[in-house]
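> Pasting input.txt below, which is compact mmCIF, C-alpha atoms.
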# COMPACT_ATOMS: atom_id res chain seq x y z
CA MET A 1 110.16 188.02 126.12
CA THR A 2 112.76 188.44 123.40
CA ASN A 3 112.44 186.07 120.38
CA THR A 4 115.84 184.37 119.95
CA HIS A 5 114.93 182.75 116.59
CA LYS A 6 115.54 185.31 113.86
CA LYS A 7 113.86 185.03 110.49
CA PRO A 8 116.18 184.18 107.54
CA SER A 9 117.34 187.19 105.58
CA ARG A 10 116.48 187.70 101.94
CA ARG A 11 119.96 186.67 100.96
CA ARG A 12 119.72 183.48 102.97
CA LYS A 13 116.35 182.64 101.40
CA ALA A 14 117.82 183.05 97.94
CA GLU A 15 120.75 180.77 98.78
CA MET A 16 118.38 178.04 100.07
CA ARG A 17 116.23 178.33 96.95
CA MET A 18 119.27 177.97 94.70
CA GLN A 19 120.45 174.90 96.66
CA ARG A 20 117.12 173.15 96.11
CA ILE A 21 117.29 173.90 92.36
CA VAL A 22 120.80 172.47 92.15
CA GLU A 23 119.75 169.28 93.93
CA ALA A 24 116.76 168.87 91.59
CA VAL A 25 118.97 169.27 88.53
CA LYS A 26 121.44 166.70 89.89
CA LEU A 27 118.57 164.22 90.39
CA GLN A 28 117.34 164.74 86.81
CA LEU A 29 120.83 164.23 85.42
CA GLN A 30 121.26 161.01 87.40
CA THR A 31 117.92 159.68 86.16
CA ALA A 32 118.84 160.45 82.56
CA THR A 33 122.18 158.68 83.00
CA ASP A 34 120.48 155.56 84.43
CA ASN A 35 118.04 155.49 81.50
CA THR A 36 120.87 155.77 79.02
CA GLN A 37 122.72 152.90 80.66
CA GLN A 38 119.59 150.75 80.66
CA LEU A 39 119.06 151.41 76.94
CA SER A 40 122.65 150.48 76.17
CA LEU A 41 122.48 147.09 77.97
CA PRO A 42 123.03 144.05 75.73
CA SER A 43 119.73 142.41 74.68
CA ALA A 44 120.44 139.21 76.65
CA GLN A 45 121.13 141.21 79.81
CA LYS A 46 118.00 143.32 79.25
CA ALA A 47 115.89 140.17 78.85
CA LYS A 48 117.31 138.87 82.08
CA THR A 49 116.34 142.12 83.77
CA ASP A 50 112.80 141.90 82.34
CA GLU A 51 112.41 138.40 83.75
CA HIS A 52 112.57 139.84 87.22
CA MET A 53 109.90 142.43 86.58
CA PRO A 54 106.88 141.81 88.87
CA GLY A 55 104.26 139.49 87.27
CA THR A 56 106.45 138.35 84.37
CA GLU A 57 106.84 134.74 85.54
CA THR A 58 103.14 134.56 86.41
CA SER A 59 102.23 135.71 82.90
CA GLN A 60 104.59 133.14 81.41
CA LEU A 61 103.00 130.40 83.55
CA LEU A 62 99.47 131.37 82.49
CA SER A 63 100.44 131.45 78.83
CA PHE A 64 102.17 128.08 79.11
CA LEU A 65 99.21 126.38 80.85
CA GLN A 66 96.44 127.91 78.74
CA GLU A 67 98.19 127.09 75.47
CA ARG A 68 98.37 123.38 76.35
CA TYR A 69 95.42 122.70 78.66
CA GLU A 70 91.80 123.55 79.39
CA PHE A 71 90.76 124.28 82.95
CA ARG A 72 87.43 124.48 84.77
CA TYR A 73 86.24 124.57 88.37
CA ASN A 74 83.68 121.86 89.19
CA LEU A 75 81.13 123.56 91.43
CA VAL A 76 79.54 120.28 92.51
CA MET A 77 82.71 118.46 93.51
CA GLY A 78 84.50 121.57 94.76
CA TYR A 79 87.77 121.19 92.87
CA ALA A 80 89.44 122.24 89.62
CA GLU A 81 89.74 119.92 86.62
CA TYR A 82 91.85 120.01 83.47
CA ARG A 83 92.45 118.18 80.22
CA ASP A 84 95.22 118.18 77.65
CA LYS A 85 94.24 119.89 74.40
CA SER A 86 96.44 117.59 72.34
CA ASP A 87 95.63 114.05 73.46
CA GLY A 88 91.80 114.12 73.59
CA ASN A 89 91.59 112.48 77.01
CA GLY A 90 88.80 113.36 79.40
CA TRP A 91 88.76 115.77 82.28
CA GLN A 92 90.59 114.83 85.46
CA ALA A 93 90.66 116.34 88.92
CA ILE A 94 93.70 118.40 89.84
CA ASP A 95 95.45 117.04 92.91
CA ASP A 96 98.96 117.37 94.33
CA ARG A 97 100.42 114.97 91.79
CA GLU A 98 98.88 116.82 88.85
CA VAL A 99 100.13 120.16 90.19
CA ASN A 100 103.63 118.67 90.55
CA THR A 101 103.47 117.53 86.92
CA LEU A 102 102.26 120.88 85.60
CA THR A 103 104.88 122.75 87.60
CA MET A 104 107.71 120.51 86.44
CA GLN A 105 106.66 120.90 82.82
CA ALA A 106 106.64 124.69 83.20
CA ARG A 107 110.08 124.70 84.83
CA LEU A 108 111.50 122.47 82.08
CA ASN A 109 110.30 125.13 79.66
CA GLY A 110 112.34 127.78 81.41
CA ILE A 111 109.64 129.28 83.66
CA ASN A 112 110.95 129.74 87.19
CA ILE A 113 107.79 129.04 89.22
CA TRP A 114 106.79 126.80 92.13
CA ASN A 115 103.85 124.56 93.07
CA SER A 116 102.29 127.39 95.04
CA ASP A 117 102.10 129.46 91.85
CA THR A 118 100.27 126.69 90.00
CA TRP A 119 97.89 126.11 92.91
CA ARG A 120 97.21 129.84 93.11
CA PHE A 121 96.03 129.80 89.50
CA VAL A 122 93.84 126.67 89.57
CA ARG A 123 92.14 127.80 92.79
CA SER A 124 91.43 131.31 91.53
CA HIS A 125 88.47 132.85 89.72
CA MET A 126 90.64 132.94 86.62
CA VAL A 127 89.44 129.34 86.12
CA ALA A 128 85.87 129.33 84.79
CA ASP A 129 83.09 127.78 86.88
CA TYR A 130 81.43 124.60 85.61
CA HIS A 131 78.27 122.91 86.95
CA PRO A 132 78.00 119.43 85.37
CA VAL A 133 74.33 118.94 86.22
CA ASN A 134 73.18 122.30 84.92
CA SER A 135 75.32 121.83 81.82
CA TYR A 136 73.60 118.53 80.99
CA LEU A 137 70.10 119.76 81.74
CA ASP A 138 70.66 122.90 79.66
CA SER A 139 71.68 120.70 76.73
CA VAL A 140 68.35 118.80 76.75
CA HIS A 141 66.03 121.58 77.85
CA GLY A 142 63.29 122.32 75.33
CA THR A 143 63.95 119.24 73.15
CA TRP A 144 61.16 116.90 74.36
CA ASP A 145 59.53 114.95 71.52
CA GLY A 146 56.15 114.67 73.28
CA GLN A 147 56.35 110.94 74.05
CA ASP A 148 55.89 109.62 77.60
CA HIS A 149 59.38 108.34 78.37
CA ILE A 150 58.68 108.34 82.12
CA ALA A 151 55.79 105.88 81.74
CA ARG A 152 57.89 103.74 79.42
CA LEU A 153 60.64 103.52 82.02
CA ALA A 154 58.20 102.78 84.84
CA GLY A 155 56.68 100.04 82.67
CA THR A 156 59.95 98.08 82.68
CA VAL A 157 59.26 97.32 86.35
CA SER A 158 56.74 94.48 86.77
CA CYS A 159 55.19 94.77 90.22
CA ASN A 160 52.05 94.25 92.29
CA SER A 161 51.38 97.97 92.80
CA PRO A 162 48.97 99.62 90.34
CA GLU A 163 50.02 103.02 91.71
CA TRP A 164 53.66 102.47 90.75
CA PRO A 165 53.62 104.44 87.45
CA THR A 166 52.08 107.46 89.18
CA TRP A 167 54.36 107.25 92.19
CA PHE A 168 57.45 106.79 90.02
CA ARG A 169 56.52 109.80 87.89
CA ARG A 170 56.13 111.96 91.01
CA TRP A 171 59.41 110.70 92.46
CA ILE A 172 61.60 111.19 89.37
CA LEU A 173 60.27 114.73 88.96
CA ALA A 174 61.32 115.33 92.56
CA VAL A 175 64.80 113.97 91.74
CA VAL A 176 65.38 116.63 89.09
CA ALA A 177 63.67 119.31 91.18
CA GLN A 178 66.24 118.49 93.87
CA TRP A 179 69.12 118.92 91.40
CA THR A 180 67.87 122.28 90.23
CA GLY A 181 67.09 123.62 93.70
CA ARG A 182 63.42 124.33 92.98
CA SER A 183 62.54 123.90 96.64
CA GLN A 184 64.79 125.63 99.16
CA GLN A 185 62.67 124.50 102.11
CA TYR A 186 62.12 120.76 101.58
CA GLY A 187 64.19 117.92 100.20
CA ASN A 188 62.99 114.88 98.24
CA ALA A 189 61.83 112.87 101.24
CA ILE A 190 60.54 109.79 99.35
CA ALA A 191 62.57 106.81 98.13
CA PRO A 192 61.36 103.83 96.06
CA LEU A 193 62.25 100.54 97.75
CA LEU A 194 62.52 97.71 95.19
CA ILE A 195 61.85 94.29 96.73
CA SER A 196 62.60 91.00 94.98
CA PRO A 197 64.82 87.91 95.07
CA GLN A 198 68.34 88.22 93.72
CA GLY A 199 68.82 88.40 89.97
CA TYR A 200 65.94 90.78 89.22
CA HIS A 201 68.27 93.56 87.95
CA LYS A 202 67.32 96.03 90.67
CA SER A 203 70.76 97.60 90.93
CA THR A 204 71.13 97.83 87.15
CA PHE A 205 67.78 99.62 86.91
CA CYS A 206 68.89 102.12 89.56
CA ARG A 207 72.20 102.73 87.81
CA GLN A 208 70.54 103.26 84.43
CA LEU A 209 68.37 106.05 85.80
CA LEU A 210 71.28 108.45 85.28
CA PRO A 211 72.62 109.36 81.83
CA PRO A 212 76.24 108.49 80.99
CA GLU A 213 77.20 112.15 81.37
CA LEU A 214 76.06 112.06 85.02
CA ALA A 215 77.02 108.48 85.85
CA TRP A 216 79.63 109.80 88.30
CA GLY A 217 76.72 110.89 90.51
CA TYR A 218 75.54 107.34 91.31
CA ILE A 219 76.67 105.54 94.47
CA ASP A 220 75.54 102.26 96.02
CA SER A 221 78.35 101.58 98.49
CA LEU A 222 77.46 104.13 101.12
CA ILE A 223 77.72 103.15 104.78
CA VAL A 224 74.58 104.78 106.13
CA ALA A 225 75.81 104.78 109.72
CA GLU A 226 78.77 107.00 108.70
CA LYS A 227 77.05 110.37 109.07
CA LYS A 228 79.82 112.52 107.60
CA GLN A 229 80.07 110.28 104.55
CA VAL A 230 76.32 110.44 103.99
CA MET A 231 76.21 114.23 104.31
CA GLN A 232 79.03 114.65 101.81
CA ALA A 233 77.36 112.26 99.36
CA MET A 234 74.10 114.19 99.63
CA SER A 235 75.86 117.37 98.46
CA GLN A 236 78.04 115.81 95.73
CA MET A 237 76.16 112.76 94.42
CA LEU A 238 72.90 112.70 92.46
CA LEU A 239 71.37 109.31 93.31
CA ILE A 240 72.14 107.24 96.41
CA ASN A 241 71.13 103.59 96.23
CA LEU A 242 70.69 102.09 99.69
CA ASP A 243 71.57 98.62 98.46
CA GLU A 244 70.65 95.69 100.75
CA PHE A 245 68.38 98.00 102.72
CA ASN A 246 67.51 95.22 105.16
CA GLN A 247 71.04 95.56 106.55
CA VAL A 248 70.38 99.12 107.72
CA ALA A 249 70.06 98.96 111.49
CA PRO A 250 66.61 99.80 112.95
CA SER A 251 68.16 102.56 115.05
CA VAL A 252 69.58 104.18 111.88
CA GLN A 253 66.26 103.83 110.04
CA SER A 254 64.30 105.52 112.79
CA GLY A 255 66.98 108.07 113.64
CA PHE A 256 69.63 109.46 111.31
CA LEU A 257 68.22 108.25 107.97
CA LYS A 258 64.70 109.39 108.79
CA ASN A 259 66.07 112.86 109.49
CA VAL A 260 68.51 113.38 106.60
CA ILE A 261 66.20 112.10 103.87
CA GLN A 262 64.02 115.19 104.28
CA LEU A 263 66.80 117.80 104.38
CA SER A 264 66.98 120.45 101.66
CA SER A 265 70.60 121.34 102.45
CA VAL A 266 73.47 119.89 104.45
CA LYS A 267 75.94 121.51 106.79
CA MET A 268 79.44 120.11 107.04
CA LYS A 269 83.11 120.96 106.95
CA ARG A 270 84.97 120.26 103.73
CA PRO A 271 88.00 117.95 103.90
CA TYR A 272 90.79 120.14 105.29
CA GLY A 273 88.23 122.92 105.67
CA LYS A 274 88.43 125.46 108.48
CA HIS A 275 84.74 126.00 109.20
CA VAL A 276 81.30 124.47 108.72
CA GLU A 277 79.55 125.44 105.48
CA GLU A 278 76.03 124.95 104.14
CA PHE A 279 75.70 123.13 100.82
CA GLN A 280 72.74 122.53 98.55
CA ARG A 281 71.54 118.96 98.72
CA LEU A 282 71.62 117.28 95.30
CA ALA A 283 71.09 113.57 95.95
CA SER A 284 67.83 111.66 96.14
CA PHE A 285 67.49 108.15 97.52
CA ILE A 286 66.41 104.79 96.13
CA ALA A 287 66.75 101.41 97.86
CA THR A 288 66.80 97.68 97.10
CA THR A 289 66.37 94.57 99.20
CA ASN A 290 65.78 90.82 98.93
CA MET A 291 63.51 90.71 101.99
CA THR A 292 59.90 91.80 102.40
CA ASP A 293 59.76 92.74 106.08
CA VAL A 294 62.31 95.56 106.06
CA LEU A 295 60.66 98.67 107.52
CA THR A 296 61.37 98.90 111.23
CA ASP A 297 60.08 102.41 111.99
CA PRO A 298 56.29 102.72 111.62
CA SER A 299 56.36 106.51 111.60
CA GLY A 300 59.10 106.50 108.97
CA SER A 301 57.33 104.18 106.55
CA ARG A 302 55.96 107.19 104.66
CA ARG A 303 59.51 107.86 103.44
CA PHE A 304 59.55 104.76 101.23
CA ILE A 305 57.53 103.43 98.32
CA CYS A 306 57.72 99.66 98.72
CA VAL A 307 57.51 97.95 95.32
CA GLU A 308 57.46 94.15 95.26
CA LEU A 309 58.63 92.92 91.86
CA THR A 310 56.81 90.09 90.13
CA ALA A 311 59.42 89.54 87.41
CA PRO A 312 62.95 90.70 86.58
CA ILE A 313 63.19 94.33 85.44
CA ASP A 314 63.71 94.73 81.70
CA VAL A 315 67.09 96.44 81.47
CA SER A 316 67.93 95.20 77.98
CA ALA A 317 67.55 98.67 76.50
CA PRO A 318 68.59 101.68 78.60
CA PRO A 319 66.16 104.61 78.52
CA CYS A 320 66.62 107.46 76.07
CA HIS A 321 68.06 109.71 78.72
CA ARG A 322 68.03 112.94 76.74
CA GLN A 323 64.33 112.62 76.00
CA LEU A 324 63.57 111.34 79.51
CA TYR A 325 65.10 114.39 81.15
CA ALA A 326 63.77 116.74 78.50
CA GLN A 327 60.27 115.50 79.41
CA ILE A 328 60.94 115.92 83.14
CA LEU A 329 62.11 119.50 82.66
CA HIS A 330 59.06 120.25 80.49
CA LEU A 331 56.71 118.92 83.18
CA LEU A 332 58.47 120.88 85.92
CA ASP A 333 58.37 124.06 83.85
CA SER A 334 54.66 123.43 83.25
CA GLY A 335 54.06 123.39 87.01
CA GLU A 336 53.35 119.68 87.51
CA ARG A 337 53.52 118.73 91.19
CA TYR A 338 56.65 116.85 92.22
CA TRP A 339 55.83 116.31 95.91
CA PHE A 340 53.45 113.82 97.53
CA ASP A 341 50.43 115.40 99.19
CA SER A 342 48.97 114.21 102.49
CA GLU A 343 46.42 111.90 100.82
CA GLU A 344 49.12 110.18 98.77
CA THR A 345 51.34 109.91 101.85
CA GLN A 346 48.57 108.16 103.80
CA HIS A 347 48.02 105.81 100.88
CA ILE A 348 51.73 104.98 100.80
CA MET A 349 51.79 104.30 104.54
CA ALA A 350 48.80 101.97 104.26
CA HIS A 351 50.44 100.24 101.31
CA ASN A 352 53.67 99.76 103.28
CA GLN A 353 52.03 98.03 106.25
CA LYS A 354 52.66 94.57 104.80
CA TYR A 355 56.40 95.33 104.62
CA GLN A 356 56.68 96.43 108.23
CA LEU A 357 58.93 94.35 110.46
CA LYS A 358 57.03 93.83 113.69
CA SER A 359 58.94 94.35 116.91
CA SER A 360 58.73 91.96 119.84
CA ALA A 361 56.40 94.43 121.54
CA GLU A 362 53.98 94.36 118.59
CA LEU A 363 54.06 90.57 118.45
CA LEU A 364 53.41 90.43 122.17
CA PHE A 365 50.53 92.90 121.81
CA ASP A 366 48.98 90.69 119.11
CA ASN A 367 49.15 87.73 121.48
CA PHE A 368 47.06 89.43 124.16
CA PHE A 369 45.11 92.29 122.54
CA GLU A 370 43.09 93.15 119.46
CA VAL A 371 42.28 96.59 118.10
CA THR A 372 38.63 97.48 117.64
CA ASP A 373 36.47 100.45 116.75
CA ASP A 374 33.50 99.23 118.83
CA GLU A 375 33.40 100.92 122.22
CA GLN A 376 30.79 98.38 123.38
CA LYS A 377 33.23 95.50 122.92
CA GLY A 378 36.49 97.19 123.88
CA ARG A 379 37.78 99.55 126.49
CA TYR A 380 40.22 102.45 126.48
CA MET A 381 43.56 101.74 128.12
CA SER A 382 46.53 104.04 128.55
CA THR A 383 49.97 103.26 127.17
CA THR A 384 51.22 102.56 130.67
CA ALA A 385 48.35 100.15 131.45
CA ILE A 386 48.90 98.14 128.25
CA TYR A 387 52.68 98.17 128.78
CA ASP A 388 52.39 96.94 132.37
CA TYR A 389 49.97 94.18 131.34
CA LEU A 390 52.33 92.91 128.66
CA LYS A 391 55.30 93.17 130.98
CA ARG A 392 53.56 91.01 133.54
CA HIS A 393 52.58 88.38 130.99
CA GLY A 394 55.40 88.69 128.47
CA GLY A 395 58.31 89.12 130.81
CA SER A 396 61.68 89.44 129.12
CA GLN A 397 60.24 90.14 125.65
CA LEU A 398 59.70 93.79 126.60
CA GLN A 399 63.13 94.39 128.10
CA SER A 400 64.47 96.05 124.95
CA HIS A 401 61.53 98.49 124.75
CA ASN A 402 60.95 101.50 126.99
CA ILE A 403 57.50 102.92 127.46
CA VAL A 404 58.14 105.90 125.15
CA ASN A 405 59.05 103.68 122.21
CA PHE A 406 56.15 101.39 123.02
CA GLY A 407 53.75 104.36 122.93
CA ARG A 408 55.09 105.34 119.52
CA THR A 409 54.52 101.76 118.34
CA LEU A 410 50.93 101.79 119.60
CA SER A 411 50.08 105.09 117.92
CA CYS A 412 51.24 103.76 114.53
CA MET A 413 49.34 100.45 114.67
CA LYS A 414 46.96 99.96 111.79
CA GLY A 415 43.30 100.53 112.69
CA ILE A 416 43.87 101.47 116.31
CA VAL A 417 41.46 104.04 117.80
CA LYS A 418 43.05 106.67 120.03
CA ARG A 419 41.72 109.42 122.25
CA ARG A 420 43.40 111.99 124.43
CA ASN A 421 42.50 113.12 127.93
CA LYS A 422 44.26 114.94 130.76
CA ASN A 423 46.37 111.86 131.50
CA GLY A 424 47.58 111.41 127.93
CA SER A 425 46.62 109.00 125.13
CA GLU A 426 44.34 106.02 125.51
CA TYR A 427 43.72 103.22 123.00
CA LEU A 428 40.57 101.23 122.33
CA VAL A 429 41.47 97.54 122.66
CA THR A 430 39.97 94.19 123.62
CA LEU A 431 41.65 91.40 125.52
CA LYS A 432 41.87 88.04 123.77
If you took the structure in this file and wrote it as structure tokens, what would it be?


Amino acid sequence: MTNTHKKPSRRRKAEMRMQRIVEAVKLQLQTATDNTQQLSLPSAQKAKTDEHMPGTETSQLLSFLQERYEFRYNLVMGYAEYRDKSDGNGWQAIDDREVNTLTMQARLNGINIWNSDTWRFVRSHMVADYHPVNSYLDSVHGTWDGQDHIARLAGTVSCNSPEWPTWFRRWILAVVAQWTGRSQQYGNAIAPLLISPQGYHKSTFCRQLLPPELAWGYIDSLIVAEKKQVMQAMSQMLLINLDEFNQVAPSVQSGFLKNVIQLSSVKMKRPYGKHVEEFQRLASFIATTNMTDVLTDPSGSRRFICVELTAPIDVSAPPCHRQLYAQILHLLDSGERYWFDSEETQHIMAHNQKYQLKSSAELLFDNFFEVTDDEQKGRYMSTTAIYDYLKRHGGSQLQSHNIVNFGRTLSCMKGIVKRRNKNGSEYLVTLK
């Protein structure tokens, strides 16, 4: 087959090479001309051209903001904060209104930017991270004067529990251990429950547990039944006071509250967030009430340290917070235990028996049965047998209790003897 495409001749190759050289020279001449024209522009026109260079307005915005304000990103609250360098006011959270203000000020100073530019800066890693809890604890770490400030604070509470100073010491160490994330597996699952008539300064005592620098982390207006609100408070607050604890519904005590108080982290979606995230739990719990029979879940009584006050708490002089927390950090660094062991937990449960609110099923049981440890006097009966007996003789008083809940109530009764066989649990009781 004959090839119809002939190769270019030498002359043609030379012509093509010369054409490329000419085009290259023309391009160089045009570039030089453009540069000369740019250099000859009036200064005002050149400045105007520079303003439209990529990144210029952003740089102007950053210079404007950083000259006048300080910025930081609050890792606990999850938002940026700022303060004016000139007026000495405190830090404030940056919201839509603050961004509008900052943007307007920048525009009035000749910087052609928009709200989105300001938001892009304050939400970026160009703003330094700030952890308010760690910042405070770092400032007191290693400054303890050797005095027992924990015992002094516990001593302001007059009560009928000789174990209170020890229990309080263990609990407040657990509070700070929770803040610092020392345990990734367990949360601070114990809460003091202060019991007294009104006017005994219970709420003031709770509030004064936090230093002024961390006072933002105290809350006593939480609606415990609002699960989302509780979960958010556990990740952003430091101390949750369950004020008027007697108003917490029994179903919440034995269900949601019993579960969340032992969590080491919480999972939730941020406001306007797109997905569920896991957050470190910071908050510990404390509670107050004016009533003595407040615990409605026998198996959950180990979560509370019931403390019945015998006199108003002395809140005339707030604790020396810096030394208090310096001591706590020293004890934690020294390896002192901040959790309650099984023996202490059993002691707490026995101590809390007198503050247990008896259900109608328990009251009905007390009317017809007694617990005993003497197999010669009593007999073993199954949960179903005891339940059926009470239902026959108590009638409507057992309508609100199913047999599963009744079995849980029986197993938690003080002093009751239980054994297991192939049919389940049986309890040693005597009929009255």

> Which of these residues is nearest to His149 (chain A), using all atoms listed in the file: A:Phe368, A:Tyr325, A:Tyr387, A:Tyr218?

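Of A:Phe368, A:Tyr325, A:Tyr387, A:Tyr218, the one nearest His149 (chain A), counting all atoms listed in the file, is A:Tyr325.
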
> Ranking A:Ala215, A:Leu324, A:Leu62, A:Met381 by minimum distance to Asp145 (chain A) and counting all atoms listed in the file, which one comes first?

A:Leu324

> Report as a list in words all protein, DNA and RNA residues lying within 12 Å of Thr101 (chain A), evaluated on all atoms listed in the file, omitting residues in the same chain fewer than 4 positions from it.

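Using all atoms listed in the file, the neighbours found are Leu65, Ile94, Asp95, Asp96, Arg97, Gln105, Ala106, Arg107, Leu108, Trp114, Asn115, Thr118 and Trp119 of chain A.
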
> Within 7 Å of Gly407 (chain A), counting all atoms listed in the file, which residues qualify if same-chain residues fewer than 4 places away don't, as a list of chain:residue names?

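The contact residues come out as A:Thr383, A:Ile403, A:Ser411.
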
> Quick check, in Å to one decimal: how far apart do CA of Thr292 (chain A) and CA of Leu257 (chain A) lie?

19.3 Å

> Taking all atoms listed in the file into account, which of A:Ser59, A:Gln247, A:Ser124, A:Gln178 comes nearest Ile111 (chain A)?

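Result for the nearest residue to Ile111 (chain A): A:Ser59.
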